[in-house]
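Before any comments, here is the structure.
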Amino acid sequence: MTNLCSSARAGFAARFGRAPDGLWSAPGRVNLIGEHTDYNEGFVLPLAIDRRTIVALAPRDDRLMRVASSFAERTVELGLDDLIPENLADWSAYPLGIAWALGQFGADLGAVTGFDAYIVSDVPVGAGLSSSAAIECAVAVALNDLWQLGLELRTLALAGQFAENQVVGAPTGIMDQSASLLGRVDAVVFLDCRSLHAEVIPLGCDPAGLDLLIIDSQVSHAHSTGGYASRRASCELGARLMGVPALRDLGVSDLARAAELLDDETFRRVRHIVTENQRVLETVQTLREQGPTAIGALLDASHLSMRDDFEISVPELDLAVETARAAGAIGARMTGGGFGGAAIALIPSGLRPVIEAAVGAAFTARGYVAPVMFVVRAADGAHKVE
């Protein structure tokens with residue numbers, strides 16, 4: 001992270017002609033298991049990763065907000081008095097959307113100062129590792145400090161989700177922001193998306209000699225496009241027809257009745273959510289009782305459910321999962337919202353070269369763009385760096 005911090009400081013100075021007051025950092029996340037369960041008020045099991053976003057920030061003595069980044073040439077300027085969703089667009093909707101959302105969660109935007117902010121990140125974009133939440137959470141903790149709001153991490157997570165939904169237009173749940181804010185080293189965050197109760201569960205990869213290999217398919221996705229929204233609509237339809245507030249309220253024993261009441265597509269969407277919630281609970285229990293070497297079958301079953309019932313995988317992700325498993329991975333699944341992005345494979349550390357070579361060769365044989373592969377470790381959540 002040292003190089004990122006240096007880049008943030010240098011970029012801030014180059015854009016704004018002064019030094020920042022501080023640096024704040026937030027991680028991307030990978031979801032170990034529990035996909036699309038969050039907006040169904042279910043259970044998720046993400047972890048913060050050691051790929052991070054840094055925001056260098058300093059207050060201004062007026063009400064102007066200026067945001068810039070290493071991945072955009074233009075510096076965006078907007079006054080706090082003009083801070084409404086309709087005035088936000090492109091990448092700046094993420095940092096400025098958070099500023100607006102904090103006003104919906106207690107910040108008096110009429111009494112705060114403007115700021116200059118410069119953002120750098122090594123969280124891959126479009127890989128399903130939540131580069132957007134990393135930006136939102138880094139800016140959230142920075143403004144929480146700058147404006148002396150005193151908001152709890154749970155409230156910052158809600159503000160991040162609200163900004164994503166209302167400003168960016170992506171109908172996501174609260175998982176991404178919760179993982180980015182609450183993560184811990186070599187641990188996963190067990191989150192109940194209804195109560196928002198969160199518990200940090202030891203993952204135990206380090207003592208078990210395991211790595212989490214990310215296989216970025218290089219197929220980009222976007223949550224605000226139709227596939228994600230249509231899956232959410234199917235879930236809401238299924239809950240309504242089943243007479244429950246959310247699919248969280250259904251168990252595996254309810255699936256027989258669901259098969260009778262629902263059309264085939266809606267039933268399969270519902271079945272994924274119901275069984276995925278159960279897999280999250282079983283994964284937590286297995287981690288506590290047996291450790292990470294015993295969760296492979298649950299990861300595999302999750303992928304099959306996303307491929308066949310929820311239909312959010314793509315051929316590149318299916319190939320990555322199948323090849324990694326055949327080459328010795330303990331378990332593998334696509335991760336993230338789907339329609340592209342990345343797969344995650346839980347692997348013995350010593351097999352990493354073999355598995356990466358096998359996956360690379362398989363992609364070449366199919367004529368796919370070469371995947372980008374790297375190991376991530378569970379990391380601490382958002383905080384002030386300096």
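Ordered as shown in the structure tokens, chains take letters A, B, and onward, while each chain numbers its residues from 1 and ligands are numbered from 1 in the order shown.
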Could you make a table, as CSV, of the residues of region 264-358 of chain A that have an atom within 6 Å of an atom of region 32-53 of chain A, each with its nearest atom pair and distance in Å to one decimal, counting only C-alpha atoms, in chain and number order?
residue,atom,partner,partner_atom,distance
A:Ile273,CA,A:Thr37,CA,5.8
A:Glu276,CA,A:Gly34,CA,5.8
A:Asn277,CA,A:Phe43,CA,5.7
A:Val280,CA,A:Gly34,CA,5.7
Need to verify the contact set: Ser302 (chain A), 7 Å, only C-alpha atoms, exclusion of same-chain residues closer than 3 positions in sequence. Can you return it as number ranges by chain?
A: 276, 298-299, 305-306, 333
Output N, CA and C atoms of each residue in that selection to a file, as a CSV table (one decimal), in the first residue's frame.
chain,number,residue,atom,x,y,z
A,276,GLU,N,-28.7,-20.9,-1.5
A,276,GLU,CA,-27.5,-20.1,-1.3
A,276,GLU,C,-27.5,-19.6,0.2
A,298,LEU,N,-19.2,-26.8,-0.8
A,298,LEU,CA,-20.1,-25.7,-0.8
A,298,LEU,C,-19.9,-24.6,-1.8
A,299,LEU,N,-18.6,-24.3,-2.0
A,299,LEU,CA,-18.2,-23.4,-3.1
A,299,LEU,C,-18.6,-23.9,-4.4
A,305,SER,N,-25.3,-23.5,-8.8
A,305,SER,CA,-26.6,-22.8,-8.6
A,305,SER,C,-26.6,-21.5,-9.4
A,306,MET,N,-25.5,-20.8,-9.4
A,306,MET,CA,-25.5,-19.5,-10.1
A,306,MET,C,-25.5,-19.7,-11.6
A,333,ARG,N,-15.7,-21.0,-7.5
A,333,ARG,CA,-17.0,-20.5,-7.9
A,333,ARG,C,-16.9,-19.1,-8.5
All alpha helix (DSSP H) residues (DSSP, backbone) inside region 122-233 of chain A, as JSON, numbers by chain
{"A": [131, 132, 133, 134, 135, 136, 137, 138, 139, 140, 141, 142, 143, 144, 145, 146, 153, 154, 155, 156, 157, 158, 159, 160, 161, 162, 163, 175, 176, 177, 178, 179, 180, 181, 182, 205, 206, 207, 208, 226, 227, 228, 229, 230, 231, 232, 233]}
I'd like the neighbourhood of region 364-366 of chain A as an MDAnalysis selection string, where a residue qualifies if any of its atoms comes within 12 Å (using only C-alpha atoms), though same-chain residues fewer than 5 positions away should be ignored.
chainID A and resid 315:316 319:320 357:359 371
Going by DSSP on the backbone, which bits of region 184-304 of chain A are strand (DSSP E or B)? Write them as a ChimeraX atom specification, please.
/A:187-192,198-202,210-216
Restricting it to N, CA, C and O atoms, dump the selection as a short mmCIF file (atom, residue, chain, number, x, y, z; two decimals), in the first residue's frame.
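Writing done, so here's again_28.cif:
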data_model
loop_
_atom_site.label_atom_id
_atom_site.label_comp_id
_atom_site.auth_asym_id
_atom_site.auth_seq_id
_atom_site.Cartn_x
_atom_site.Cartn_y
_atom_site.Cartn_z
N ALA A 187 -9.94 -13.17 7.91
CA ALA A 187 -11.28 -13.39 8.45
C ALA A 187 -12.32 -13.02 7.41
O ALA A 187 -12.05 -12.28 6.46
N VAL A 188 -13.51 -13.55 7.58
CA VAL A 188 -14.65 -13.20 6.74
C VAL A 188 -15.68 -12.49 7.60
O VAL A 188 -15.68 -12.60 8.83
N VAL A 189 -16.56 -11.74 6.94
CA VAL A 189 -17.62 -11.02 7.63
C VAL A 189 -18.93 -11.76 7.39
O VAL A 189 -19.43 -11.81 6.26
N PHE A 190 -19.49 -12.32 8.44
CA PHE A 190 -20.78 -13.01 8.37
C PHE A 190 -21.85 -11.97 8.64
O PHE A 190 -22.00 -11.50 9.76
N LEU A 191 -22.58 -11.62 7.59
CA LEU A 191 -23.52 -10.50 7.68
C LEU A 191 -24.94 -10.98 7.46
O LEU A 191 -25.25 -11.65 6.46
N ASP A 192 -25.80 -10.63 8.40
CA ASP A 192 -27.24 -10.82 8.26
C ASP A 192 -27.77 -9.53 7.64
O ASP A 192 -27.79 -8.48 8.28
N ALA A 198 -23.40 -8.11 12.17
CA ALA A 198 -22.20 -8.61 11.52
C ALA A 198 -21.29 -9.27 12.54
O ALA A 198 -21.13 -8.78 13.66
N GLU A 199 -20.70 -10.37 12.15
CA GLU A 199 -19.78 -11.10 13.01
C GLU A 199 -18.54 -11.46 12.20
O GLU A 199 -18.65 -11.94 11.07
N VAL A 200 -17.39 -11.22 12.77
CA VAL A 200 -16.13 -11.56 12.10
C VAL A 200 -15.79 -13.01 12.44
O VAL A 200 -15.68 -13.37 13.61
N ILE A 201 -15.64 -13.83 11.40
CA ILE A 201 -15.37 -15.26 11.56
C ILE A 201 -13.96 -15.55 11.06
O ILE A 201 -13.62 -15.21 9.91
N PRO A 202 -13.09 -16.17 11.86
CA PRO A 202 -11.76 -16.52 11.36
C PRO A 202 -11.87 -17.39 10.11
O PRO A 202 -12.64 -18.36 10.06
N LEU A 210 -3.40 -22.21 2.63
CA LEU A 210 -4.29 -22.02 1.50
C LEU A 210 -4.21 -20.60 0.97
O LEU A 210 -3.93 -19.66 1.72
N ASP A 211 -4.48 -20.45 -0.31
CA ASP A 211 -4.58 -19.15 -0.95
C ASP A 211 -5.96 -18.99 -1.57
O ASP A 211 -6.60 -19.98 -1.96
N LEU A 212 -6.38 -17.75 -1.70
CA LEU A 212 -7.58 -17.41 -2.46
C LEU A 212 -7.13 -16.83 -3.79
O LEU A 212 -6.59 -15.71 -3.85
N LEU A 213 -7.30 -17.60 -4.85
CA LEU A 213 -6.86 -17.19 -6.18
C LEU A 213 -8.03 -16.53 -6.91
O LEU A 213 -9.10 -17.12 -7.06
N ILE A 214 -7.82 -15.30 -7.34
CA ILE A 214 -8.80 -14.60 -8.16
C ILE A 214 -8.46 -14.84 -9.62
O ILE A 214 -7.32 -14.66 -10.04
N ILE A 215 -9.46 -15.24 -10.38
CA ILE A 215 -9.30 -15.44 -11.82
C ILE A 215 -10.22 -14.44 -12.51
O ILE A 215 -11.43 -14.66 -12.63
N ASP A 216 -9.64 -13.33 -12.92
CA ASP A 216 -10.41 -12.26 -13.57
C ASP A 216 -10.59 -12.64 -15.04
O ASP A 216 -9.63 -12.67 -15.81
#
Extract, using only C-alpha atoms, all DNA, RNA and protein residues at most 7 Å from Asp176 (chain A), discarding same-chain residues fewer than 2 positions from it, and format them as a VMD selection string.
chain A and resid 29 130 133 174 178 to 180
Give me, as a PyMOL selection string, all polymer residues having an atom no more than 12 Å from Leu151 (chain A), counting only C-alpha atoms and skipping those fewer than 3 positions away in the same chain.
chain A and resi 102-103+105-107+140-148+154-159
All residues 9 Å or closer to Gly328 (chain A), only C-alpha atoms, same chain fewer than 2 positions away omitted, as a ChimeraX atom specification
/A:323-326,330-331,347-348,351,354-355
Once you have the residues from the selection above, write them out as a short mmCIF file (atom, residue, chain, number, x, y, z; two decimals), in the first residue's frame, restricted to N, CA and C atoms.
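Below is the file result25.cif, written as the result:
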data_model
loop_
_atom_site.label_atom_id
_atom_site.label_comp_id
_atom_site.auth_asym_id
_atom_site.auth_seq_id
_atom_site.Cartn_x
_atom_site.Cartn_y
_atom_site.Cartn_z
N THR A 323 -11.68 -25.73 -14.67
CA THR A 323 -10.25 -26.00 -14.83
C THR A 323 -9.51 -25.93 -13.50
N ALA A 324 -9.83 -24.92 -12.69
CA ALA A 324 -9.19 -24.81 -11.39
C ALA A 324 -9.46 -26.04 -10.53
N ARG A 325 -10.71 -26.50 -10.54
CA ARG A 325 -11.05 -27.70 -9.76
C ARG A 325 -10.30 -28.92 -10.26
N ALA A 326 -10.22 -29.08 -11.57
CA ALA A 326 -9.53 -30.24 -12.13
C ALA A 326 -8.04 -30.21 -11.84
N ILE A 330 -9.44 -26.70 -4.03
CA ILE A 330 -10.33 -27.32 -3.05
C ILE A 330 -11.78 -27.04 -3.40
N GLY A 331 -12.04 -25.85 -3.92
CA GLY A 331 -13.37 -25.46 -4.36
C GLY A 331 -13.25 -24.19 -5.17
N ILE A 347 -7.26 -22.63 -2.97
CA ILE A 347 -6.23 -23.55 -3.47
C ILE A 347 -5.14 -23.77 -2.43
N PRO A 348 -4.51 -24.96 -2.43
CA PRO A 348 -3.28 -25.14 -1.66
C PRO A 348 -2.20 -24.22 -2.23
N LEU A 351 0.14 -25.26 -5.07
CA LEU A 351 -0.41 -25.58 -6.39
C LEU A 351 -0.69 -24.36 -7.25
N VAL A 354 0.66 -24.42 -10.86
CA VAL A 354 0.02 -25.46 -11.68
C VAL A 354 -1.39 -25.02 -12.10
N ILE A 355 -2.13 -24.48 -11.14
CA ILE A 355 -3.51 -24.08 -11.43
C ILE A 355 -3.55 -22.89 -12.38
#
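When the distance limit is 12 Å and only C-alpha atoms are what count, the residues near Thr2 (chain A), minus those fewer than 6 positions from it on the same chain, are Ala8, Arg9, Leu23, Ser25, Arg52, Thr53, Ile54, Asp122, Val385 and Glu386 of chain A.
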As an exercise, work out the distance from CA of Leu346 (chain A) to CA of Gly296 (chain A) in Å and give it to one decimal place.
7.5 Å
Enter the distance from CA of Asp62 (chain A) to CA of Gly79 (chain A), in Å, rounded to one decimal.
8.9 Å
Quick one, how far is CA of Val123 (chain A) from CA of Cys137 (chain A)?
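A separation of 13.0 Å between them.
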Using only C-alpha atoms, which of A:Arg184, A:Ala93, A:Gly110, A:Asp82 sits nearest Ala378 (chain A)?
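For Ala378 (chain A), the nearest of the given residues is A:Arg184.
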Which one is closest to Asp21 (chain A): A:Ile295, A:Asp108, A:Lys384, A:Gly251? Count only C-alpha atoms.
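Checking each of A:Ile295, A:Asp108, A:Lys384, A:Gly251 against Asp21 (chain A), counting only C-alpha atoms, the winner is A:Lys384.
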